[in-house]
file input.tsv (TSV, C-alpha atoms and all ligand atoms)
chain	number	residue	atom	x	y	z
A	1	MET	CA	96.43	79.84	112.57
A	2	SER	CA	98.04	80.92	109.38
A	3	PHE	CA	98.39	84.49	108.35
A	4	ARG	CA	97.95	86.12	104.97
A	5	ALA	CA	100.59	88.12	103.16
A	6	ILE	CA	100.62	90.57	100.30
A	7	ALA	CA	104.02	91.37	98.77
A	8	ILE	CA	104.48	94.63	96.91
A	9	ASP	CA	107.78	95.11	95.12
A	10	GLY	CA	109.08	97.70	92.73
A	11	PRO	CA	111.53	100.57	92.30
A	12	SER	CA	111.49	103.61	94.55
A	13	GLY	CA	108.88	106.23	93.77
A	14	ALA	CA	106.34	103.91	92.16
A	15	GLY	CA	103.98	104.62	95.05
A	16	LYS	CA	104.65	101.40	96.97
A	17	SER	CA	104.70	102.70	100.50
A	18	THR	CA	101.66	104.98	100.22
A	19	LEU	CA	99.63	102.30	98.49
A	20	ALA	CA	100.84	99.43	100.67
A	21	LYS	CA	100.02	101.40	103.82
A	22	ARG	CA	96.55	102.20	102.57
A	23	LEU	CA	95.95	98.65	101.43
A	24	ALA	CA	96.97	97.38	104.86
A	25	GLN	CA	94.57	99.80	106.52
A	26	GLY	CA	91.76	98.84	104.17
A	27	LEU	CA	92.24	95.14	104.85
A	28	GLY	CA	93.08	95.39	108.54
A	29	PHE	CA	96.59	94.00	107.96
A	30	LEU	CA	99.86	95.34	109.36
A	31	TYR	CA	102.10	97.23	106.97
A	32	LEU	CA	105.85	96.65	106.96
A	33	ASP	CA	108.04	98.99	104.94
A	34	THR	CA	111.19	96.90	104.51
A	35	GLY	CA	113.09	99.75	102.82
A	36	ALA	CA	112.98	101.50	106.20
A	37	ILE	CA	114.95	98.61	107.69
A	38	TYR	CA	117.72	98.95	105.08
A	39	ARG	CA	117.64	102.70	105.61
A	40	THR	CA	118.22	102.20	109.33
A	41	VAL	CA	121.31	100.09	108.59
A	42	GLY	CA	122.50	102.73	106.09
A	43	LEU	CA	122.02	105.49	108.66
A	44	TYR	CA	124.00	103.54	111.23
A	45	ALA	CA	126.92	103.14	108.79
A	46	LEU	CA	126.91	106.88	108.04
A	47	ARG	CA	126.80	107.74	111.73
A	48	GLN	CA	129.67	105.39	112.49
A	49	GLY	CA	131.77	106.97	109.73
A	50	VAL	CA	131.72	103.77	107.70
A	51	ALA	CA	131.42	103.89	103.90
A	52	PRO	CA	128.10	102.11	103.13
A	53	GLY	CA	129.76	100.28	100.25
A	54	ASP	CA	132.59	98.90	102.40
A	55	GLU	CA	131.35	95.35	102.89
A	56	ALA	CA	133.75	94.25	105.62
A	57	ALA	CA	133.31	97.44	107.62
A	58	VAL	CA	129.49	97.35	107.37
A	59	LEU	CA	129.38	93.68	108.41
A	60	ALA	CA	131.59	94.49	111.40
A	61	LEU	CA	128.93	96.97	112.55
A	62	LEU	CA	126.05	94.47	112.61
A	63	PRO	CA	126.74	92.94	116.04
A	64	SER	CA	126.38	96.37	117.65
A	65	LEU	CA	123.17	97.16	115.76
A	66	THR	CA	119.61	96.41	116.81
A	67	VAL	CA	116.81	97.38	114.45
A	68	THR	CA	113.26	97.31	115.77
A	69	THR	CA	109.88	98.37	114.54
A	70	ALA	CA	106.89	99.58	116.50
A	71	TYR	CA	103.55	101.08	115.58
A	72	ALA	CA	102.35	104.39	116.95
A	73	GLN	CA	98.71	105.00	117.94
A	74	ASP	CA	98.02	106.34	114.45
A	75	GLY	CA	99.33	103.11	112.94
A	76	LEU	CA	102.51	104.77	111.69
A	77	GLN	CA	105.53	102.48	111.53
A	78	HIS	CA	108.40	103.79	113.64
A	79	MET	CA	111.97	102.58	113.22
A	80	TYR	CA	114.38	102.29	116.11
A	81	LEU	CA	118.14	102.13	115.87
A	82	ASN	CA	119.54	100.77	119.12
A	83	GLY	CA	116.44	102.10	120.85
A	84	GLU	CA	116.53	105.57	119.28
A	85	ASP	CA	113.55	106.61	117.14
A	86	VAL	CA	115.06	107.31	113.69
A	87	THR	CA	111.78	107.40	111.74
A	88	GLU	CA	112.50	110.93	110.47
A	89	ALA	CA	116.29	110.64	110.18
A	90	ILE	CA	116.15	107.71	107.74
A	91	ARG	CA	114.22	109.82	105.21
A	92	GLN	CA	117.17	112.13	104.55
A	93	HIS	CA	118.40	112.13	101.02
A	94	GLN	CA	121.89	110.78	101.72
A	95	VAL	CA	120.39	107.87	103.66
A	96	SER	CA	118.59	106.67	100.49
A	97	ASP	CA	121.91	106.17	98.81
A	98	ALA	CA	123.50	104.54	101.86
A	99	ALA	CA	120.52	102.16	102.13
A	100	SER	CA	120.89	101.13	98.52
A	101	GLN	CA	124.58	100.40	99.05
A	102	VAL	CA	124.25	98.40	102.26
A	103	SER	CA	121.35	96.46	100.75
A	104	ALA	CA	123.71	95.05	98.09
A	105	ILE	CA	125.78	93.31	100.80
A	106	PRO	CA	124.71	89.63	101.13
A	107	GLY	CA	125.52	89.51	104.87
A	108	VAL	CA	123.25	92.47	105.51
A	109	ARG	CA	120.37	90.85	103.63
A	110	ALA	CA	120.84	87.55	105.44
A	111	TYR	CA	120.86	89.39	108.76
A	112	LEU	CA	117.54	91.09	108.01
A	113	LEU	CA	115.76	88.17	106.33
A	114	GLU	CA	114.59	86.34	109.44
A	115	MET	CA	113.28	89.53	111.01
A	116	GLN	CA	111.05	90.09	107.99
A	117	ARG	CA	109.85	86.47	107.80
A	118	ARG	CA	109.04	86.38	111.49
A	119	PHE	CA	106.88	89.45	111.04
A	120	ALA	CA	104.85	87.65	108.37
A	121	ARG	CA	104.57	84.47	110.46
A	122	GLU	CA	102.98	86.46	113.28
A	123	ASN	CA	100.71	88.89	111.43
A	124	ASP	CA	98.51	89.44	108.39
A	125	VAL	CA	100.82	91.71	106.43
A	126	VAL	CA	101.26	93.94	103.47
A	127	MET	CA	105.01	94.12	103.02
A	128	ASP	CA	106.76	96.30	100.49
A	129	GLY	CA	110.33	96.23	99.21
A	130	ARG	CA	112.38	94.87	96.34
A	131	ASP	CA	112.57	91.12	96.98
A	132	ILE	CA	109.48	90.38	99.06
A	133	GLY	CA	107.72	88.28	96.40
A	134	THR	CA	110.91	86.65	95.12
A	135	VAL	CA	112.90	85.94	98.29
A	136	VAL	CA	111.35	86.99	101.60
A	137	LEU	CA	107.79	85.70	101.11
A	138	PRO	CA	107.76	83.48	98.01
A	139	ASP	CA	104.45	81.96	99.22
A	140	ALA	CA	102.60	85.26	99.61
A	141	GLN	CA	98.93	84.97	98.56
A	142	LEU	CA	99.26	88.03	96.36
A	143	LYS	CA	102.33	89.61	94.77
A	144	ILE	CA	102.19	92.97	93.09
A	145	PHE	CA	104.98	94.49	91.04
A	146	LEU	CA	104.47	98.24	91.06
A	147	THR	CA	106.35	100.30	88.50
A	148	ALA	CA	106.37	103.72	86.83
A	149	GLN	CA	108.69	105.49	84.40
A	150	PRO	CA	111.83	106.95	86.10
A	151	GLU	CA	110.83	110.55	85.26
A	152	ALA	CA	107.45	110.15	86.95
A	153	ARG	CA	109.08	108.58	89.99
A	154	ALA	CA	111.73	111.31	90.23
A	155	ARG	CA	109.00	113.96	90.03
A	156	ARG	CA	107.09	112.34	92.89
A	157	ARG	CA	110.24	112.01	95.01
A	158	TYR	CA	111.13	115.64	94.29
A	159	ASP	CA	107.64	116.86	95.29
A	160	GLU	CA	107.85	114.80	98.46
A	161	LEU	CA	111.22	116.30	99.47
A	162	ILE	CA	109.99	119.84	98.80
A	163	ALA	CA	106.80	119.19	100.76
A	164	ARG	CA	108.98	118.09	103.65
A	165	GLY	CA	110.84	121.39	103.50
A	166	GLN	CA	114.06	119.82	102.20
A	167	GLN	CA	116.15	121.25	99.37
A	168	ALA	CA	116.04	119.33	96.12
A	169	ASP	CA	117.04	119.61	92.47
A	170	TYR	CA	114.88	117.63	90.04
A	171	GLU	CA	117.74	116.65	87.70
A	172	GLN	CA	119.76	115.41	90.65
A	173	VAL	CA	116.80	113.45	92.02
A	174	LEU	CA	116.31	111.85	88.59
A	175	ARG	CA	119.99	110.87	88.42
A	176	ASP	CA	119.76	109.39	91.91
A	177	VAL	CA	116.61	107.46	91.00
A	178	MET	CA	118.32	105.99	87.94
A	179	ASP	CA	121.51	105.16	89.85
A	180	ARG	CA	119.52	103.40	92.53
A	181	ASP	CA	117.44	101.54	89.96
A	182	TRP	CA	120.59	100.32	88.32
A	183	ARG	CA	122.14	99.21	91.59
A	184	ASP	CA	118.92	97.59	92.88
A	185	THR	CA	118.38	95.62	89.65
A	186	HIS	CA	121.99	94.64	88.98
A	187	ARG	CA	123.20	93.51	92.37
A	188	ASP	CA	124.13	89.84	92.65
A	189	ILE	CA	121.90	89.11	95.58
A	190	ALA	CA	118.11	89.42	95.58
A	191	PRO	CA	118.01	91.96	92.74
A	192	LEU	CA	114.82	93.88	92.11
A	193	ARG	CA	112.79	91.85	89.63
A	194	GLN	CA	109.21	90.85	89.08
A	195	ALA	CA	108.25	87.46	90.53
A	196	GLU	CA	106.78	85.17	87.87
A	197	ASP	CA	103.44	85.04	89.63
A	198	ALA	CA	103.26	88.78	90.39
A	199	VAL	CA	100.59	91.08	88.99
A	200	ALA	CA	102.29	94.07	87.31
A	201	VAL	CA	100.76	97.51	87.83
A	202	ASP	CA	102.31	100.52	86.06
A	203	THR	CA	101.35	103.77	87.81
A	204	THR	CA	102.99	106.23	85.36
A	205	GLN	CA	99.65	107.41	84.01
A	206	LEU	CA	97.60	106.73	87.13
A	207	THR	CA	96.77	109.08	89.96
A	208	LEU	CA	97.27	107.77	93.45
A	209	GLU	CA	93.52	107.31	93.73
A	210	GLU	CA	93.35	105.27	90.52
A	211	SER	CA	96.35	103.16	91.58
A	212	TRP	CA	94.67	102.53	94.91
A	213	GLU	CA	91.41	101.43	93.31
A	214	ARG	CA	93.26	99.04	91.04
A	215	LEU	CA	95.23	97.51	93.90
A	216	PHE	CA	92.28	97.19	96.22
A	217	GLN	CA	90.26	95.48	93.49
A	218	ILE	CA	93.07	93.00	92.77
A	219	ALA	CA	93.50	92.27	96.49
A	220	LYS	CA	89.78	91.70	97.07
A	221	GLU	CA	89.55	89.31	94.13
A	222	ARG	CA	92.69	87.39	95.00
A	223	LEU	CA	92.01	87.05	98.71
A	224	SER	CA	88.28	86.46	98.15
A	225	LEU	CA	87.29	89.36	100.40
B	301	LIG	O1	112.11	101.64	99.37
B	301	LIG	P1	113.24	102.48	99.87
B	301	LIG	O2	113.66	103.53	98.88
B	301	LIG	O3	112.99	103.06	101.23
B	301	LIG	O4	114.48	101.46	100.02
B	301	LIG	C1	115.77	101.89	100.36
B	301	LIG	C2	116.80	100.96	99.72
B	301	LIG	O5	116.75	99.69	100.35
B	301	LIG	C3	116.63	100.72	98.23
B	301	LIG	O6	117.61	101.37	97.47
B	301	LIG	C4	116.77	99.25	98.04
B	301	LIG	C5	116.85	98.67	99.40
B	301	LIG	N1	115.83	97.66	99.65
B	301	LIG	C6	116.12	96.35	99.35
B	301	LIG	O7	117.19	96.07	98.84
B	301	LIG	N2	115.23	95.37	99.65
B	301	LIG	C7	114.05	95.67	100.19
B	301	LIG	N3	113.20	94.68	100.47
B	301	LIG	C8	113.71	97.01	100.47
B	301	LIG	C9	114.61	97.99	100.18

call {"tool": "encode", "arguments": {"input": "input.tsv", "output": "structure tokens", "more": "lines below"}}
Ligand code: DC
result
Amino acid sequence: MSFRAIAIDGPSGAGKSTLAKRLAQGLGFLYLDTGAIYRTVGLYALRQGVAPGDEAAVLALLPSLTVTTAYAQDGLQHMYLNGEDVTEAIRQHQVSDAASQVSAIPGVRAYLLEMQRRFARENDVVMDGRDIGTVVLPDAQLKIFLTAQPEARARRRYDELIARGQQADYEQVLRDVMDRDWRDTHRDIAPLRQAEDAVAVDTTQLTLEESWERLFQIAKERLSL
């Protein structure tokens, strides 16, 4: 039996995870947030006192790291770092930056590639990330490249942090968004870019509801549902 896959790539704050999760629910597929995997590696580096940009030191940590995913009753994806539930911890602001840095290390990407592919071999999936359509699942039935202007994405990220009770400064969030965009698009390995056969959706002017309707429509047409 072969499984179906939808790849959703794009920069942070374009609405990927919310929309991918909802799309997965709507289609009865599993949702895999691959950014959460890189975040778990970034968190581990920070906890071990290793600079996330120090390639040799980060690679030396991998043998003592096990990243696993499990789904709670409510369908929420939980991340485990050596058995510890770090679902909340990986959402901290400094972990975003660490994740972006460790994700630029080729050895880290190679280490996580098979885990992601296996997931798609065993399930119908909606997977979101930066390189799902270009590298991880080049044969996905549908690829979506979700974008939005940096200011709109920073505003969403800022609102999210505030809603979670965390402190945030909009200008700082915007700078971080732009730094991460630059790093994610300019790294040598698996940079963020639109796959040639991806459908581009720009959500700058769209509400979440409108973005959702657009995505669901595209998915139904493409997968003949
Ligand atoms: O989507 P996110 O913000 O949770 O991702 C965290 C970081 O991980 C992001 O800066 C880029 C990196 N990432 C990646 O390189 N490849 C992926 N497939 C997913 C995320």

call {"tool": "atom_distance", "arguments": {"input": "input.tsv", "atom1": "atom CA of Asp131 of chain A", "atom2": "atom N2 of ligand LIG 301 (chain B)"}}
result
5.7 Å

call {"tool": "residues_near_ligand", "arguments": {"input": "input.tsv", "ligand": "ligand LIG 301 (chain B)", "cutoff": "7 Å", "atoms": "all atoms listed in the file", "output": "ChimeraX atom specification"}}
result
/A:12,34-36,38-39,96-97,99-100,103-104,128-132,180,184

call {"tool": "residues_near_point", "arguments": {"input": "input.tsv", "point": "(114.2, 95.3, 107.4)", "cutoff": "10 Å", "atoms": "all atoms listed in the file", "output": "PyMOL selection string"}}
result
chain A and resi 32-41+67-69+79+103+108-109+111-117+129

call {"tool": "closest_residue", "arguments": {"input": "input.tsv", "among": "A:Arg157, A:Lys143, A:His186, A:Arg175", "to": "Ala198 of chain A", "atoms": "all atoms listed in the file"}}
result
A:Lys143

call {"tool": "atom_distance", "arguments": {"input": "input.tsv", "atom1": "atom CA of Leu81 of chain A", "atom2": "atom CA of Arg187 of chain A"}}
result
25.5 Å

call {"tool": "residues_around", "arguments": {"input": "input.tsv", "residues": "Tyr44 of chain A", "least_positions_apart": "5", "cutoff": "12 Å", "atoms": "all atoms listed in the file", "output": "list in words"}}
result
Ile37, Tyr38, Arg39, Gly49, Val50, Ala51, Pro52, Ala57, Val58, Leu59, Ala60, Leu61, Leu62, Pro63, Ser64, Leu65, Thr66, Val67, Tyr80, Leu81, Asn82, Glu84, Val86, Ala89, Ile90, Val95, Ala98, Ala99 and Val102 of chain A

call {"tool": "closest_residue", "arguments": {"input": "input.tsv", "among": "A:Ala7, A:Leu146, A:Asp176, A:Gly28", "to": "Trp212 of chain A", "atoms": "only C-alpha atoms"}}
result
A:Leu146

call {"tool": "atom_distance", "arguments": {"input": "input.tsv", "atom1": "atom CA of Pro11 of chain A", "atom2": "atom CA of Asp85 of chain A"}}
result
25.6 Å

call {"tool": "residues_near_point", "arguments": {"input": "input.tsv", "point": "(105.0, 108.8, 83.7)", "cutoff": "7 Å", "atoms": "all atoms listed in the file", "output": "PyMOL selection string"}}
result
chain A and resi 148-149+151-152+204-205

call {"tool": "closest_residue", "arguments": {"input": "input.tsv", "among": "A:Leu208, A:Gly53, A:Arg118, A:Ser224", "to": "Arg156 of chain A", "atoms": "all atoms listed in the file"}}
result
A:Leu208

call {"tool": "residues_around", "arguments": {"input": "input.tsv", "residues": "Leu30 of chain A", "least_positions_apart": "2", "cutoff": "12 Å", "atoms": "only C-alpha atoms", "output": "VMD selection string"}}
result
chain A and resid 3 to 6 20 to 28 32 to 33 69 to 71 75 to 77 119 to 128

call {"tool": "decode", "arguments": {"input": "input.tsv", "residues": "segment 119-130 of chain A", "atoms": "all heavy atoms", "output": "PDB file, in the first residue's frame"}}
result
ATOM      1  N   PHE A 119       8.654   8.234   8.225  1.00  0.00           N
ATOM      2  CA  PHE A 119       7.332   8.679   8.645  1.00  0.00           C
ATOM      3  C   PHE A 119       6.374   8.726   7.452  1.00  0.00           C
ATOM      4  O   PHE A 119       5.228   8.297   7.539  1.00  0.00           O
ATOM      5  CB  PHE A 119       7.464  10.073   9.274  1.00  0.00           C
ATOM      6  CG  PHE A 119       6.300  10.466  10.104  1.00  0.00           C
ATOM      7  CD1 PHE A 119       6.210  10.061  11.420  1.00  0.00           C
ATOM      8  CD2 PHE A 119       5.284  11.240   9.568  1.00  0.00           C
ATOM      9  CE1 PHE A 119       5.119  10.417  12.189  1.00  0.00           C
ATOM     10  CE2 PHE A 119       4.194  11.604  10.336  1.00  0.00           C
ATOM     11  CZ  PHE A 119       4.116  11.189  11.650  1.00  0.00           C
ATOM     12  N   ALA A 120       6.876   9.210   6.324  1.00  0.00           N
ATOM     13  CA  ALA A 120       6.033   9.323   5.124  1.00  0.00           C
ATOM     14  C   ALA A 120       5.826   7.972   4.435  1.00  0.00           C
ATOM     15  O   ALA A 120       4.861   7.785   3.708  1.00  0.00           O
ATOM     16  CB  ALA A 120       6.651  10.321   4.150  1.00  0.00           C
ATOM     17  N   ARG A 121       6.748   7.038   4.666  1.00  0.00           N
ATOM     18  CA  ARG A 121       6.572   5.696   4.071  1.00  0.00           C
ATOM     19  C   ARG A 121       5.491   4.927   4.809  1.00  0.00           C
ATOM     20  O   ARG A 121       4.888   4.006   4.276  1.00  0.00           O
ATOM     21  CB  ARG A 121       7.884   4.902   4.167  1.00  0.00           C
ATOM     22  CG  ARG A 121       8.855   5.145   3.031  1.00  0.00           C
ATOM     23  CD  ARG A 121       9.877   4.013   2.920  1.00  0.00           C
ATOM     24  NE  ARG A 121      10.647   3.817   4.133  1.00  0.00           N
ATOM     25  CZ  ARG A 121      11.784   4.462   4.416  1.00  0.00           C
ATOM     26  NH1 ARG A 121      12.271   5.351   3.574  1.00  0.00           N
ATOM     27  NH2 ARG A 121      12.431   4.221   5.533  1.00  0.00           N
ATOM     28  N   GLU A 122       5.255   5.313   6.073  1.00  0.00           N
ATOM     29  CA  GLU A 122       4.352   4.528   6.916  1.00  0.00           C
ATOM     30  C   GLU A 122       2.985   5.170   7.154  1.00  0.00           C
ATOM     31  O   GLU A 122       2.119   4.580   7.799  1.00  0.00           O
ATOM     32  CB  GLU A 122       5.049   4.267   8.272  1.00  0.00           C
ATOM     33  CG  GLU A 122       6.311   3.417   8.109  1.00  0.00           C
ATOM     34  CD  GLU A 122       7.160   3.330   9.371  1.00  0.00           C
ATOM     35  OE1 GLU A 122       6.843   4.018  10.366  1.00  0.00           O
ATOM     36  OE2 GLU A 122       8.138   2.562   9.349  1.00  0.00           O
ATOM     37  N   ASN A 123       2.819   6.409   6.674  1.00  0.00           N
ATOM     38  CA  ASN A 123       1.567   7.127   6.946  1.00  0.00           C
ATOM     39  C   ASN A 123       1.191   8.035   5.781  1.00  0.00           C
ATOM     40  O   ASN A 123       2.047   8.468   5.025  1.00  0.00           O
ATOM     41  CB  ASN A 123       1.743   8.050   8.171  1.00  0.00           C
ATOM     42  CG  ASN A 123       2.232   7.323   9.407  1.00  0.00           C
ATOM     43  OD1 ASN A 123       1.468   6.645  10.071  1.00  0.00           O
ATOM     44  ND2 ASN A 123       3.516   7.456   9.724  1.00  0.00           N
ATOM     45  N   ASP A 124      -0.128   8.364   5.693  1.00  0.00           N
ATOM     46  CA  ASP A 124      -0.542   9.490   4.858  1.00  0.00           C
ATOM     47  C   ASP A 124      -0.148  10.722   5.658  1.00  0.00           C
ATOM     48  O   ASP A 124      -0.532  10.830   6.833  1.00  0.00           O
ATOM     49  CB  ASP A 124      -2.070   9.499   4.687  1.00  0.00           C
ATOM     50  CG  ASP A 124      -2.550   8.459   3.691  1.00  0.00           C
ATOM     51  OD1 ASP A 124      -1.837   8.191   2.716  1.00  0.00           O
ATOM     52  OD2 ASP A 124      -3.656   7.918   3.901  1.00  0.00           O
ATOM     53  N   VAL A 125       0.601  11.626   5.051  1.00  0.00           N
ATOM     54  CA  VAL A 125       1.115  12.747   5.845  1.00  0.00           C
ATOM     55  C   VAL A 125       0.933  14.112   5.194  1.00  0.00           C
ATOM     56  O   VAL A 125       0.942  14.251   3.966  1.00  0.00           O
ATOM     57  CB  VAL A 125       2.636  12.619   6.137  1.00  0.00           C
ATOM     58  CG1 VAL A 125       2.925  11.499   7.095  1.00  0.00           C
ATOM     59  CG2 VAL A 125       3.436  12.484   4.860  1.00  0.00           C
ATOM     60  N   VAL A 126       0.817  15.084   6.076  1.00  0.00           N
ATOM     61  CA  VAL A 126       1.036  16.474   5.697  1.00  0.00           C
ATOM     62  C   VAL A 126       2.275  16.856   6.489  1.00  0.00           C
ATOM     63  O   VAL A 126       2.282  16.773   7.719  1.00  0.00           O
ATOM     64  CB  VAL A 126      -0.133  17.394   6.094  1.00  0.00           C
ATOM     65  CG1 VAL A 126       0.209  18.840   5.727  1.00  0.00           C
ATOM     66  CG2 VAL A 126      -1.417  16.967   5.413  1.00  0.00           C
ATOM     67  N   MET A 127       3.355  17.188   5.793  1.00  0.00           N
ATOM     68  CA  MET A 127       4.601  17.490   6.477  1.00  0.00           C
ATOM     69  C   MET A 127       4.982  18.923   6.164  1.00  0.00           C
ATOM     70  O   MET A 127       4.916  19.329   5.008  1.00  0.00           O
ATOM     71  CB  MET A 127       5.679  16.555   5.922  1.00  0.00           C
ATOM     72  CG  MET A 127       6.488  15.882   7.006  1.00  0.00           C
ATOM     73  SD  MET A 127       7.855  14.969   6.299  1.00  0.00           S
ATOM     74  CE  MET A 127       7.321  13.339   6.558  1.00  0.00           C
ATOM     75  N   ASP A 128       5.345  19.678   7.182  1.00  0.00           N
ATOM     76  CA  ASP A 128       5.775  21.042   6.890  1.00  0.00           C
ATOM     77  C   ASP A 128       7.206  21.296   7.332  1.00  0.00           C
ATOM     78  O   ASP A 128       7.712  20.627   8.228  1.00  0.00           O
ATOM     79  CB  ASP A 128       4.791  22.085   7.435  1.00  0.00           C
ATOM     80  CG  ASP A 128       4.931  22.346   8.918  1.00  0.00           C
ATOM     81  OD1 ASP A 128       5.872  21.862   9.540  1.00  0.00           O
ATOM     82  OD2 ASP A 128       4.084  23.083   9.448  1.00  0.00           O
ATOM     83  N   GLY A 129       7.868  22.213   6.615  1.00  0.00           N
ATOM     84  CA  GLY A 129       9.271  22.502   6.918  1.00  0.00           C
ATOM     85  C   GLY A 129       9.842  23.499   5.940  1.00  0.00           C
ATOM     86  O   GLY A 129       9.169  24.468   5.545  1.00  0.00           O
ATOM     87  N   ARG A 130      11.090  23.268   5.545  1.00  0.00           N
ATOM     88  CA  ARG A 130      11.756  24.169   4.607  1.00  0.00           C
ATOM     89  C   ARG A 130      12.159  23.448   3.319  1.00  0.00           C
ATOM     90  O   ARG A 130      12.275  24.048   2.268  1.00  0.00           O
ATOM     91  CB  ARG A 130      13.039  24.743   5.236  1.00  0.00           C
ATOM     92  CG  ARG A 130      12.849  25.479   6.531  1.00  0.00           C
ATOM     93  CD  ARG A 130      12.039  26.751   6.327  1.00  0.00           C
ATOM     94  NE  ARG A 130      12.007  27.568   7.544  1.00  0.00           N
ATOM     95  CZ  ARG A 130      11.305  27.291   8.631  1.00  0.00           C
ATOM     96  NH1 ARG A 130      10.554  26.207   8.669  1.00  0.00           N
ATOM     97  NH2 ARG A 130      11.313  28.098   9.675  1.00  0.00           N
TER      98      ARG A 130
END
